[in-house]
Every structure is written in C-alpha cells, then in structure tokens.
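Novice: Sharing a structure below in structure tokens format, with a few things to ask.
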Amino acid sequence: MIEIKNNQRVLFIGDSITDVKFNRKFRLSIGGANVYCLQVAKELKKKHKGLKFFYRGIASNRTYHVYDRLTKDCINLKPDLIVMLIGVNDAWENYVPEQYPPLLRPIEPHINEIYRRIAAELPNAKLITLLPFLTSTIAEKQPFHKVLDRYVGILCTAATGVADEIIDLQPLFDEAEKQTDPKLICRDSVHPTNLGHSVIANAVLKKLS
C-alpha cells in the first residue's frame with residue numbers, strides 16, 4: 001500500500017490510454033473521456049489537500065518515446081508518485097511490422113533504462129506499473145494476445161524489484177467481461193470506455209491510502 005500525503009505531486013505517464021486529450025477528442029467513438037487518471041485524481045482530491053497532478057499520456061507512444069521524453073515529462077517534474085502504463089504499441093509494432101518498418105528500437109533497453117533512471121534520480125518516488133491488456137470485444141484482434149503477452153512478460157520482469165506495485169490489468173478486464181458486455185468496457189479491444197477506465201482507476205486506488 002502506498003501512502004499519499006497532502007501537497008504531493010502525482011504523475012500519470014504513458015500512451016493513448018493515459019492521453020486525456022486523445023480520449024476527449026475521440027470520446028464519441030471510444031467512449032472513454034473520463035480517463036482513469038482523472039478518476040483517480042478525483043478520488044484522491046477528496047482525501048488529500050494540495051495534490052498536484054500531471055497527465056503525460058501521448059497517443060501512439062512506444063516505450064522508446066517515453067524514454068526519449070523521460071527528463072521533461074517525468075524527472076524534471078519531481079513526482080512523488082508515478083503511474084505508468086506503456087507497452088501495447090510496442091507489441092502492436094512487432095505484431096504488424098509491415099506497418100512500421102524498420103523495427104529499430106526494441107523495448108528491453110528502453111524500459112530498463114526508464115526504471116534505472118527513475119530509481120537513481122527519483123529515489124523517493126513511488127512507482128505503480130500498469131501492464132497492458134486486450135479485451136475480447138473484437139475477435140479479429142485476439143491473435144495479438146500471443147505477442148502482447150510476451151511483451152507483458154518483458155514489462156513485468158523489468159518492473160520487478162523497481163516498481164512499488166505492479167498491476168496486471170488483463171485478469172481485471174477478464175473478470176469485468178464476466179459481469180457485462182465487453183463492448184461496454186472497451187469498444188475496440190484496446191481503448192477503454194468510461195466503464196473500462198474505472199476498472200483501471202479502481203485497481204490503482206486499491207494500492208493507495
């Protein structure tokens with residue numbers, strides 16, 4: 001459990017799932033304008049004073065993009081808590097390499113260096129790593145699981161011993177699908193609806209006090 005204190009700085013960093021502007025722009029097609037980071041911030045504000053939130057999700061980012069902007073979008077912000085969700089685009093790039101030639105920047109050195117720098121330069125910051133997921137909404141995308149699961153393993157290995165909490169989102173979404181229509185959780189199997197974002201938000205909030 002990670003303790004949140006008044007006046008702390010909270011950073012959410014990642015790709016389109018964390019990108020507030022992206023989700024608001026495509027709210028009619030995706031249905032996820034109430035992004036998980038906004039939901040978490042809303043709940044934390046009820047309990048703590050003076051919190052400052054930073055939203056650094058950028059659509060289409062791979063892990064190497066986060067690596068490239070880590071100084072500006074993480075280190076220089078001096079966050080007390082970092083919530084990071086990245087990796088699905090790295091996996092997709094590998095799944096359909098013909099769309100992204102050539103594949104020059106593998107995930108391992110970049111994610112390892114991200115964690116090394118956070119540990120070295122932000123030794124007092126707490127880190128929550130969220131592992132990417134795929135819902136069953138679109139049947140044609142299900143073969144992607146074979147690649148995505150391998151990337152989830154890489155991300156989990158890199159985070160072990162560095163992240164304070166590692167949250168595997170796949171079983172949480174699998175369980176949510178048992179309770180409701182998958183289309184109500186994630187219309188395109190990747191980008192959550194507001195309901196899908198609540199699955200992520202609730203998982204994060206359970207790790208915070």
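If you're wondering about the labels, chains in the structure tokens are A, B, ... by order shown, residues count from 1 in each chain, ligands from 1 in order shown.
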Skipping near chain neighbours, those fewer than 3 positions away, what residues fall within 10 Å of Ile118 of chain A using only C-alpha atoms, listed as a PyMOL selection string?
Specialist: chain A and resi 70-71+74-75+82+113-115+121-127+162-163
Novice: Contacts between segment 51-63 of chain A and segment 97-142 of chain A, please, where a residue of segment 97-142 of chain A counts if it comes within 7 Å (with only C-alpha atoms); show its shortest atom pair and distance in Å to one decimal, rows by chain and ascending number, as JSON lines.
Specialist:
```
{"residue": "A:Ile107", "atom": "CA", "partner": "A:Thr63", "partner_atom": "CA", "distance": 6.2}
{"residue": "A:His110", "atom": "CA", "partner": "A:Thr63", "partner_atom": "CA", "distance": 6.4}
{"residue": "A:Ile111", "atom": "CA", "partner": "A:Thr63", "partner_atom": "CA", "distance": 6.4}
```
Novice: With only C-alpha atoms as the atoms that count, which of A:Phe22, A:Tyr151, A:Phe144, A:Phe133 lies nearest to Cys186 of chain A?
Specialist: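 Smallest distance to Cys186 of chain A is found for A:Phe133.
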Novice: Of the candidates A:Arg187, A:Ala176, A:Met84, A:Ser198, which shows the shortest atom-to-atom distance to Leu28 of chain A, using only C-alpha atoms?
Specialist: A:Arg187
Novice: Assign secondary structure with DSSP using the backbone only, and return the residues of segment 36-165 of chain A in strand (DSSP E) as an MDAnalysis selection string.
Specialist: chainID A and resid 52:57 81:85 126:131 165
